[in-house]
$ cat entry.cif   # mmCIF, N, CA and C atoms
data_run
loop_
_atom_site.label_atom_id
_atom_site.label_comp_id
_atom_site.auth_asym_id
_atom_site.auth_seq_id
_atom_site.Cartn_x
_atom_site.Cartn_y
_atom_site.Cartn_z
N MET O 78 84.01 112.74 115.99
CA MET O 78 84.58 114.04 116.31
C MET O 78 84.84 114.08 117.80
N ILE O 79 85.93 114.72 118.16
CA ILE O 79 86.17 115.04 119.56
C ILE O 79 86.17 116.55 119.69
N ALA O 80 85.42 117.05 120.64
CA ALA O 80 85.37 118.48 120.92
C ALA O 80 85.92 118.69 122.33
N ASP O 81 87.09 119.29 122.39
CA ASP O 81 87.76 119.52 123.67
C ASP O 81 88.76 120.64 123.50
N ASP O 82 88.77 121.59 124.41
CA ASP O 82 89.72 122.69 124.32
C ASP O 82 91.11 122.28 124.79
N SER O 83 91.23 121.12 125.41
CA SER O 83 92.51 120.63 125.91
C SER O 83 93.27 119.87 124.83
N GLU O 84 94.41 120.42 124.41
CA GLU O 84 95.24 119.75 123.43
C GLU O 84 95.68 118.39 123.96
N LYS O 85 95.94 118.31 125.26
CA LYS O 85 96.36 117.05 125.88
C LYS O 85 95.28 115.97 125.71
N ASN O 86 94.02 116.33 125.95
CA ASN O 86 92.92 115.37 125.78
C ASN O 86 92.72 114.98 124.33
N ARG O 87 92.80 115.96 123.42
CA ARG O 87 92.66 115.65 122.00
C ARG O 87 93.79 114.74 121.54
N GLU O 88 95.00 115.00 122.02
CA GLU O 88 96.15 114.16 121.65
C GLU O 88 95.97 112.73 122.16
N ALA O 89 95.49 112.58 123.39
CA ALA O 89 95.26 111.24 123.94
C ALA O 89 94.21 110.50 123.11
N PHE O 90 93.15 111.20 122.73
CA PHE O 90 92.11 110.60 121.90
C PHE O 90 92.67 110.23 120.52
N ARG O 91 93.46 111.12 119.97
CA ARG O 91 94.07 110.88 118.66
C ARG O 91 94.90 109.60 118.69
N GLU O 92 95.67 109.41 119.75
CA GLU O 92 96.49 108.21 119.89
C GLU O 92 95.62 106.96 119.96
N MET O 93 94.49 107.04 120.69
CA MET O 93 93.60 105.88 120.79
C MET O 93 92.94 105.59 119.44
N PHE O 94 92.62 106.63 118.67
CA PHE O 94 91.98 106.44 117.37
C PHE O 94 92.91 105.77 116.37
N THR O 95 94.22 105.93 116.52
CA THR O 95 95.14 105.31 115.57
C THR O 95 95.03 103.79 115.59
N LYS O 96 94.45 103.25 116.64
CA LYS O 96 94.23 101.80 116.73
C LYS O 96 93.09 101.35 115.81
N PHE O 97 92.29 102.29 115.34
CA PHE O 97 91.09 101.99 114.56
C PHE O 97 91.14 102.75 113.24
N VAL O 98 91.89 102.21 112.29
CA VAL O 98 92.15 102.93 111.05
C VAL O 98 90.89 103.18 110.23
N GLU O 99 89.82 102.40 110.47
CA GLU O 99 88.62 102.62 109.68
C GLU O 99 87.80 103.81 110.17
N LEU O 100 88.23 104.41 111.26
CA LEU O 100 87.54 105.58 111.79
C LEU O 100 88.34 106.84 111.51
N ASP O 101 87.68 107.88 111.00
CA ASP O 101 88.33 109.17 110.80
C ASP O 101 88.01 110.05 111.99
N LEU O 102 88.97 110.84 112.41
CA LEU O 102 88.79 111.72 113.56
C LEU O 102 88.84 113.17 113.13
N THR O 103 87.83 113.91 113.51
CA THR O 103 87.80 115.36 113.34
C THR O 103 87.90 115.97 114.72
N GLU O 104 88.68 117.03 114.84
CA GLU O 104 88.86 117.67 116.14
C GLU O 104 88.28 119.07 116.11
N ALA O 105 87.63 119.44 117.22
CA ALA O 105 87.12 120.79 117.40
C ALA O 105 87.66 121.31 118.73
N GLU O 106 88.19 122.53 118.70
CA GLU O 106 88.77 123.12 119.90
C GLU O 106 87.78 123.92 120.72
N THR O 107 86.65 124.28 120.10
CA THR O 107 85.64 125.08 120.80
C THR O 107 84.25 124.49 120.55
N ALA O 108 83.34 124.85 121.43
CA ALA O 108 81.95 124.41 121.25
C ALA O 108 81.37 124.99 119.96
N ALA O 109 81.68 126.24 119.67
CA ALA O 109 81.16 126.87 118.45
C ALA O 109 81.64 126.12 117.21
N GLN O 110 82.91 125.75 117.19
CA GLN O 110 83.46 125.00 116.06
C GLN O 110 82.77 123.65 115.95
N CYS O 111 82.55 122.99 117.08
CA CYS O 111 81.89 121.68 117.08
C CYS O 111 80.47 121.80 116.54
N LEU O 112 79.72 122.78 117.02
CA LEU O 112 78.34 122.98 116.56
C LEU O 112 78.30 123.22 115.06
N SER O 113 79.22 124.02 114.57
CA SER O 113 79.27 124.31 113.14
C SER O 113 79.54 123.04 112.33
N LEU O 114 80.49 122.22 112.78
CA LEU O 114 80.81 120.98 112.08
C LEU O 114 79.65 119.98 112.14
N LEU O 115 78.98 119.90 113.30
CA LEU O 115 77.88 118.95 113.45
C LEU O 115 76.68 119.28 112.57
N GLN O 116 76.57 120.53 112.14
CA GLN O 116 75.46 120.93 111.26
C GLN O 116 75.41 120.08 109.99
N SER O 117 76.56 119.59 109.55
CA SER O 117 76.61 118.81 108.31
C SER O 117 75.90 117.47 108.44
N GLY O 118 75.77 116.98 109.67
CA GLY O 118 75.13 115.69 109.88
C GLY O 118 75.95 114.50 109.42
N GLU O 119 77.24 114.70 109.19
CA GLU O 119 78.09 113.65 108.62
C GLU O 119 78.88 112.85 109.66
N PHE O 120 78.57 112.99 110.93
CA PHE O 120 79.37 112.33 111.96
C PHE O 120 78.63 111.15 112.57
N ASP O 121 79.34 110.04 112.71
CA ASP O 121 78.78 108.86 113.37
C ASP O 121 78.79 109.02 114.88
N ALA O 122 79.80 109.75 115.38
CA ALA O 122 79.96 109.87 116.83
C ALA O 122 80.57 111.22 117.18
N VAL O 123 80.22 111.69 118.36
CA VAL O 123 80.83 112.90 118.90
C VAL O 123 81.15 112.66 120.37
N PHE O 124 82.35 113.07 120.75
CA PHE O 124 82.82 113.00 122.12
C PHE O 124 83.03 114.44 122.57
N VAL O 125 82.27 114.89 123.57
CA VAL O 125 82.22 116.30 123.92
C VAL O 125 82.70 116.53 125.35
N SER O 126 83.71 117.38 125.49
CA SER O 126 84.15 117.79 126.82
C SER O 126 83.11 118.73 127.41
N LEU O 127 82.76 118.49 128.67
CA LEU O 127 81.76 119.33 129.31
C LEU O 127 82.34 120.63 129.84
N THR O 128 83.66 120.74 129.91
CA THR O 128 84.28 121.89 130.58
C THR O 128 84.97 122.87 129.64
N MET O 129 84.55 122.92 128.40
CA MET O 129 85.14 123.90 127.49
C MET O 129 84.69 125.30 127.90
N PRO O 130 85.57 126.31 127.73
CA PRO O 130 85.18 127.68 128.08
C PRO O 130 84.14 128.24 127.11
N GLN O 131 83.57 129.34 127.47
CA GLN O 131 82.52 130.02 126.70
C GLN O 131 81.32 129.09 126.57
N ALA O 132 80.96 128.70 125.39
CA ALA O 132 79.84 127.77 125.19
C ALA O 132 80.37 126.38 125.48
N HIS O 133 80.04 125.85 126.62
CA HIS O 133 80.62 124.57 127.06
C HIS O 133 79.91 123.38 126.43
N GLY O 134 80.36 122.19 126.79
CA GLY O 134 79.82 120.97 126.20
C GLY O 134 78.33 120.78 126.41
N PHE O 135 77.80 121.29 127.51
CA PHE O 135 76.36 121.16 127.75
C PHE O 135 75.57 121.86 126.64
N THR O 136 76.09 122.96 126.11
CA THR O 136 75.44 123.68 125.02
C THR O 136 75.33 122.78 123.79
N ILE O 137 76.43 122.09 123.47
CA ILE O 137 76.44 121.18 122.32
C ILE O 137 75.44 120.05 122.54
N LEU O 138 75.50 119.45 123.72
CA LEU O 138 74.65 118.29 123.99
C LEU O 138 73.17 118.64 124.05
N ARG O 139 72.84 119.84 124.52
CA ARG O 139 71.43 120.27 124.50
C ARG O 139 70.96 120.43 123.06
N ALA O 140 71.81 121.02 122.19
CA ALA O 140 71.44 121.21 120.79
C ALA O 140 71.26 119.87 120.08
N VAL O 141 72.12 118.91 120.39
CA VAL O 141 72.00 117.58 119.79
C VAL O 141 70.74 116.89 120.31
N SER O 142 70.48 117.02 121.60
CA SER O 142 69.34 116.33 122.21
C SER O 142 68.00 116.91 121.80
N ASP O 143 67.94 118.23 121.60
CA ASP O 143 66.64 118.83 121.25
C ASP O 143 66.38 118.88 119.75
N GLY O 144 67.33 118.35 118.96
CA GLY O 144 67.13 118.28 117.51
C GLY O 144 67.53 119.54 116.76
N SER O 145 68.13 120.51 117.45
CA SER O 145 68.56 121.74 116.77
C SER O 145 69.63 121.45 115.72
N ILE O 146 70.42 120.42 115.97
CA ILE O 146 71.42 119.97 115.01
C ILE O 146 71.30 118.46 114.88
N PRO O 147 71.75 117.90 113.77
CA PRO O 147 71.62 116.45 113.58
C PRO O 147 72.36 115.67 114.68
N ARG O 148 71.70 114.61 115.17
CA ARG O 148 72.29 113.80 116.23
C ARG O 148 73.13 112.68 115.61
N PRO O 149 74.42 112.65 115.96
CA PRO O 149 75.22 111.49 115.54
C PRO O 149 74.66 110.22 116.16
N ARG O 150 75.01 109.09 115.59
CA ARG O 150 74.53 107.81 116.11
C ARG O 150 74.99 107.57 117.55
N PHE O 151 76.17 108.09 117.91
CA PHE O 151 76.73 107.87 119.24
C PHE O 151 77.17 109.21 119.81
N VAL O 152 76.75 109.49 121.05
CA VAL O 152 77.09 110.75 121.70
C VAL O 152 77.67 110.44 123.08
N ALA O 153 78.88 110.97 123.32
CA ALA O 153 79.54 110.76 124.61
C ALA O 153 79.94 112.09 125.21
N ALA O 154 79.80 112.19 126.51
CA ALA O 154 80.28 113.34 127.26
C ALA O 154 81.61 112.95 127.90
N ILE O 155 82.54 113.91 127.94
CA ILE O 155 83.83 113.71 128.60
C ILE O 155 83.85 114.62 129.82
N SER O 156 84.12 114.03 130.99
CA SER O 156 84.01 114.79 132.22
C SER O 156 85.09 114.39 133.22
N GLU O 157 85.55 115.37 133.96
CA GLU O 157 86.46 115.09 135.08
C GLU O 157 85.67 114.66 136.30
N ARG O 158 84.38 114.96 136.32
CA ARG O 158 83.52 114.62 137.45
C ARG O 158 82.28 113.88 136.94
N ALA O 159 82.50 112.71 136.39
CA ALA O 159 81.43 111.95 135.75
C ALA O 159 80.26 111.70 136.69
N ASP O 160 80.52 111.44 137.96
CA ASP O 160 79.43 111.16 138.90
C ASP O 160 78.52 112.37 139.07
N VAL O 161 79.08 113.57 139.16
CA VAL O 161 78.29 114.79 139.31
C VAL O 161 77.64 115.18 137.99
N ASP O 162 78.42 115.14 136.93
CA ASP O 162 77.92 115.60 135.63
C ASP O 162 76.85 114.69 135.04
N SER O 163 76.84 113.41 135.39
CA SER O 163 75.79 112.52 134.89
C SER O 163 74.41 113.02 135.31
N GLY O 164 74.30 113.44 136.56
CA GLY O 164 73.03 114.00 137.04
C GLY O 164 72.70 115.31 136.36
N ARG O 165 73.69 116.15 136.17
CA ARG O 165 73.44 117.44 135.51
C ARG O 165 73.02 117.25 134.07
N LEU O 166 73.61 116.26 133.39
CA LEU O 166 73.20 115.97 132.01
C LEU O 166 71.72 115.63 131.96
N ASP O 167 71.27 114.80 132.88
CA ASP O 167 69.85 114.45 132.95
C ASP O 167 69.00 115.68 133.23
N ASP O 168 69.43 116.50 134.20
CA ASP O 168 68.68 117.70 134.58
C ASP O 168 68.53 118.67 133.41
N GLU O 169 69.54 118.74 132.56
CA GLU O 169 69.52 119.69 131.44
C GLU O 169 68.95 119.08 130.15
N GLY O 170 68.46 117.84 130.24
CA GLY O 170 67.85 117.21 129.08
C GLY O 170 68.84 116.78 128.02
N CYS O 171 70.07 116.53 128.41
CA CYS O 171 71.11 116.10 127.47
C CYS O 171 71.12 114.58 127.41
N GLN O 172 70.85 114.06 126.24
CA GLN O 172 70.80 112.61 126.05
C GLN O 172 72.13 112.14 125.48
N VAL O 173 72.86 111.38 126.31
CA VAL O 173 74.16 110.85 125.89
C VAL O 173 74.15 109.34 126.03
N ASP O 174 75.00 108.71 125.24
CA ASP O 174 75.12 107.25 125.31
C ASP O 174 76.05 106.80 126.42
N THR O 175 77.03 107.65 126.74
CA THR O 175 77.95 107.32 127.83
C THR O 175 78.65 108.59 128.31
N VAL O 176 79.16 108.52 129.54
CA VAL O 176 80.01 109.58 130.08
C VAL O 176 81.37 108.96 130.33
N ILE O 177 82.39 109.54 129.72
CA ILE O 177 83.76 109.04 129.85
C ILE O 177 84.51 109.93 130.83
N GLN O 178 85.08 109.30 131.81
CA GLN O 178 85.83 110.01 132.86
C GLN O 178 87.23 110.36 132.37
N THR O 179 87.70 111.56 132.72
CA THR O 179 89.10 111.91 132.50
C THR O 179 89.77 111.96 133.86
N PRO O 180 91.05 111.63 133.98
CA PRO O 180 91.89 111.20 132.86
C PRO O 180 91.35 109.90 132.27
N PHE O 181 91.60 109.74 130.97
CA PHE O 181 91.03 108.61 130.23
C PHE O 181 91.53 107.27 130.75
N ASN O 182 90.59 106.33 130.83
CA ASN O 182 90.91 104.94 131.09
C ASN O 182 90.98 104.29 129.70
N PHE O 183 92.17 103.92 129.29
CA PHE O 183 92.36 103.41 127.93
C PHE O 183 91.43 102.25 127.61
N ASP O 184 91.28 101.30 128.54
CA ASP O 184 90.43 100.14 128.27
C ASP O 184 88.98 100.54 128.05
N GLU O 185 88.49 101.51 128.83
CA GLU O 185 87.11 101.98 128.67
C GLU O 185 86.91 102.63 127.30
N VAL O 186 87.82 103.51 126.94
CA VAL O 186 87.69 104.21 125.65
C VAL O 186 87.88 103.22 124.51
N GLN O 187 88.80 102.30 124.64
CA GLN O 187 89.02 101.29 123.60
C GLN O 187 87.76 100.45 123.38
N SER O 188 87.07 100.11 124.46
CA SER O 188 85.83 99.34 124.34
C SER O 188 84.77 100.14 123.59
N VAL O 189 84.64 101.43 123.93
CA VAL O 189 83.66 102.29 123.25
C VAL O 189 84.01 102.41 121.77
N LEU O 190 85.29 102.63 121.46
CA LEU O 190 85.69 102.77 120.06
C LEU O 190 85.53 101.47 119.28
N SER O 191 85.80 100.34 119.92
CA SER O 191 85.60 99.04 119.25
C SER O 191 84.14 98.82 118.91
N ASP O 192 83.27 99.10 119.88
CA ASP O 192 81.83 98.97 119.62
C ASP O 192 81.39 99.89 118.49
N LEU O 193 81.90 101.12 118.50
CA LEU O 193 81.55 102.09 117.48
C LEU O 193 82.05 101.63 116.10
N ALA O 194 83.30 101.17 116.04
CA ALA O 194 83.86 100.71 114.77
C ALA O 194 83.07 99.53 114.23
N ASN O 195 82.71 98.59 115.10
CA ASN O 195 81.94 97.42 114.66
C ASN O 195 80.56 97.81 114.17
N SER O 196 79.89 98.71 114.87
CA SER O 196 78.54 99.10 114.44
C SER O 196 78.60 99.89 113.14
N THR O 197 79.62 100.72 112.97
CA THR O 197 79.78 101.48 111.73
C THR O 197 80.03 100.52 110.57
N PHE O 198 80.90 99.54 110.77
CA PHE O 198 81.19 98.55 109.73
C PHE O 198 79.92 97.77 109.37
N GLU O 199 79.15 97.34 110.38
CA GLU O 199 77.93 96.58 110.12
C GLU O 199 76.91 97.41 109.37
N ASP O 200 76.76 98.69 109.73
CA ASP O 200 75.83 99.57 109.04
C ASP O 200 76.25 99.79 107.59
N ASP O 201 77.56 99.98 107.37
CA ASP O 201 78.05 100.17 106.00
C ASP O 201 77.85 98.91 105.16
N LEU O 202 78.09 97.76 105.77
CA LEU O 202 77.89 96.49 105.06
C LEU O 202 76.42 96.30 104.71
N LEU O 203 75.53 96.57 105.65
CA LEU O 203 74.09 96.45 105.41
C LEU O 203 73.64 97.40 104.29
N ALA O 204 74.13 98.64 104.34
CA ALA O 204 73.76 99.61 103.31
C ALA O 204 74.24 99.14 101.93
N ALA O 205 75.44 98.56 101.86
CA ALA O 205 75.97 98.07 100.59
C ALA O 205 75.14 96.89 100.08
N LEU O 206 74.71 96.03 100.97
CA LEU O 206 73.90 94.88 100.57
C LEU O 206 72.52 95.29 100.08
N LEU O 207 71.96 96.35 100.66
CA LEU O 207 70.62 96.80 100.29
C LEU O 207 70.61 97.76 99.10
N ALA O 208 71.78 98.20 98.69
CA ALA O 208 71.87 99.18 97.59
C ALA O 208 71.57 98.52 96.25
#
$ encode --input "entry.cif" --output "structure tokens"
Amino acid sequence: MIADDSEKNREAFREMFTKFVELDLTEAETAAQCLSLLQSGEFDAVFVSLTMPQAHGFTILRAVSDGSIPRPRFVAAISERADVDSGRLDDEGCQVDTVIQTPFNFDEVQSVLSDLANSTFEDDLLAALLA
């Protein structure tokens, strides 16, 4: 899932996801929508913009980190100021796997998505073998 109020950022992410057909993308335009969707516990990964209005990305990441909602296997923060926000994430107890800088660096995001796709495939294969 990508949670970002910016249509431009969601569109850029959508384009990058088309390279990985085995991954499905769900989009959330608000933190409230993201929190509601995450309640299902059905997401392998969430990419959260820290600068959404109203309940911002930090609200989502605190809820994921403190166990209020199910934690996806992979959690990423999206930030225009990754150097500053990395410290704030730590200060607020938000546990993330990575912070992705915007504007997006295609190679960085592609690497993250490749790792995610490979780990998802390996987990699915393992589950099928053990079933």
$ resolve_selection --input "entry.cif" --expression "the PyMOL selection byres ((chain O and resi 107-124) around 6)" --output "MDAnalysis selection string"
chainID O and resid 78:82 105:106 125:126 132:133 146:147 149:155
$ atom_distance --input "entry.cif" --atom1 "atom C of Leu166 in chain O" --atom2 "atom N of Thr136 in chain O"
10.3 Å
$ residues_around --input "entry.cif" --residues "Phe181 in chain O" --least-positions-apart "4" --cutoff "12 Å" --atoms "only C-alpha atoms" --output "ChimeraX atom specification"
/O:85-90,92-93,126,155-157,159,176-177,185-187,189
$ select_by_dssp --input "entry.cif" --residues "chain O" --states "strand (DSSP E or B)" --output "PyMOL selection string"
chain O and resi 79-80+104-105+122-126+151-156+175-178
$ atom_distance --input "entry.cif" --atom1 "atom C of Asp168 in chain O" --atom2 "atom C of Asp143 in chain O"
13.8 Å
$ select_by_dssp --input "entry.cif" --residues "range 82-185 of chain O" --states "helix (DSSP H, G or I)" --output "PyMOL selection string"
chain O and resi 84-94+108-115+134-142+159-168+183-185
$ atom_distance --input "entry.cif" --atom1 "CA of Thr175 in chain O" --atom2 "atom N of Ser163 in chain O"
9.8 Å
$ decode --input "entry.cif" --residues "range 138-186 of chain O" --atoms "C-alpha atoms" --output "PDB file, in the first residue's frame"
ATOM      1  CA  LEU O 138       3.684   4.710  11.828  1.00  0.00           C
ATOM      2  CA  ARG O 139       3.136   5.108  15.584  1.00  0.00           C
ATOM      3  CA  ALA O 140       0.034   2.882  15.355  1.00  0.00           C
ATOM      4  CA  VAL O 141       1.962   0.266  13.376  1.00  0.00           C
ATOM      5  CA  SER O 142       4.943   0.435  15.738  1.00  0.00           C
ATOM      6  CA  ASP O 143       2.973   0.203  18.983  1.00  0.00           C
ATOM      7  CA  GLY O 144       0.854  -2.719  17.769  1.00  0.00           C
ATOM      8  CA  SER O 145      -2.440  -0.809  17.594  1.00  0.00           C
ATOM      9  CA  ILE O 146      -2.811  -2.133  14.058  1.00  0.00           C
ATOM     10  CA  PRO O 147      -1.173  -5.137  12.380  1.00  0.00           C
ATOM     11  CA  ARG O 148       2.373  -4.441  11.205  1.00  0.00           C
ATOM     12  CA  PRO O 149       3.092  -5.261   7.575  1.00  0.00           C
ATOM     13  CA  ARG O 150       6.301  -7.178   6.958  1.00  0.00           C
ATOM     14  CA  PHE O 151       7.889  -4.049   5.427  1.00  0.00           C
ATOM     15  CA  VAL O 152       7.300  -0.445   6.509  1.00  0.00           C
ATOM     16  CA  ALA O 153       8.741   2.564   4.701  1.00  0.00           C
ATOM     17  CA  ALA O 154       8.421   6.273   5.351  1.00  0.00           C
ATOM     18  CA  ILE O 155       8.371   8.706   2.421  1.00  0.00           C
ATOM     19  CA  SER O 156       9.903  12.085   3.191  1.00  0.00           C
ATOM     20  CA  GLU O 157      11.081  15.233   1.476  1.00  0.00           C
ATOM     21  CA  ARG O 158      13.519  15.711   4.369  1.00  0.00           C
ATOM     22  CA  ALA O 159      14.754  12.196   5.074  1.00  0.00           C
ATOM     23  CA  ASP O 160      17.751  13.400   7.098  1.00  0.00           C
ATOM     24  CA  VAL O 161      15.558  15.387   9.521  1.00  0.00           C
ATOM     25  CA  ASP O 162      12.633  12.976   9.602  1.00  0.00           C
ATOM     26  CA  SER O 163      14.810   9.928  10.337  1.00  0.00           C
ATOM     27  CA  GLY O 164      15.625  11.424  13.730  1.00  0.00           C
ATOM     28  CA  ARG O 165      12.023  12.391  14.366  1.00  0.00           C
ATOM     29  CA  LEU O 166      10.872   8.859  13.531  1.00  0.00           C
ATOM     30  CA  ASP O 167      13.215   7.533  16.207  1.00  0.00           C
ATOM     31  CA  ASP O 168      12.096  10.190  18.704  1.00  0.00           C
ATOM     32  CA  GLU O 169       8.437   9.279  18.179  1.00  0.00           C
ATOM     33  CA  GLY O 170       9.032   5.532  18.465  1.00  0.00           C
ATOM     34  CA  CYS O 171       8.207   4.834  14.818  1.00  0.00           C
ATOM     35  CA  GLN O 172       9.913   1.667  13.629  1.00  0.00           C
ATOM     36  CA  VAL O 173      10.486   1.712   9.874  1.00  0.00           C
ATOM     37  CA  ASP O 174      12.589  -0.446   7.604  1.00  0.00           C
ATOM     38  CA  THR O 175      13.659   2.457   5.409  1.00  0.00           C
ATOM     39  CA  VAL O 176      13.082   6.133   4.667  1.00  0.00           C
ATOM     40  CA  ILE O 177      12.645   6.949   0.987  1.00  0.00           C
ATOM     41  CA  GLN O 178      13.508  10.462  -0.117  1.00  0.00           C
ATOM     42  CA  THR O 179      11.270  12.416  -2.489  1.00  0.00           C
ATOM     43  CA  PRO O 180      11.522  13.239  -5.260  1.00  0.00           C
ATOM     44  CA  PHE O 181      11.872   9.511  -5.803  1.00  0.00           C
ATOM     45  CA  ASN O 182      15.157   8.009  -6.893  1.00  0.00           C
ATOM     46  CA  PHE O 183      13.962   5.289  -9.256  1.00  0.00           C
ATOM     47  CA  ASP O 184      16.953   3.003  -8.611  1.00  0.00           C
ATOM     48  CA  GLU O 185      16.465   3.208  -4.828  1.00  0.00           C
ATOM     49  CA  VAL O 186      12.750   2.429  -5.016  1.00  0.00           C
TER      50      VAL O 186
END
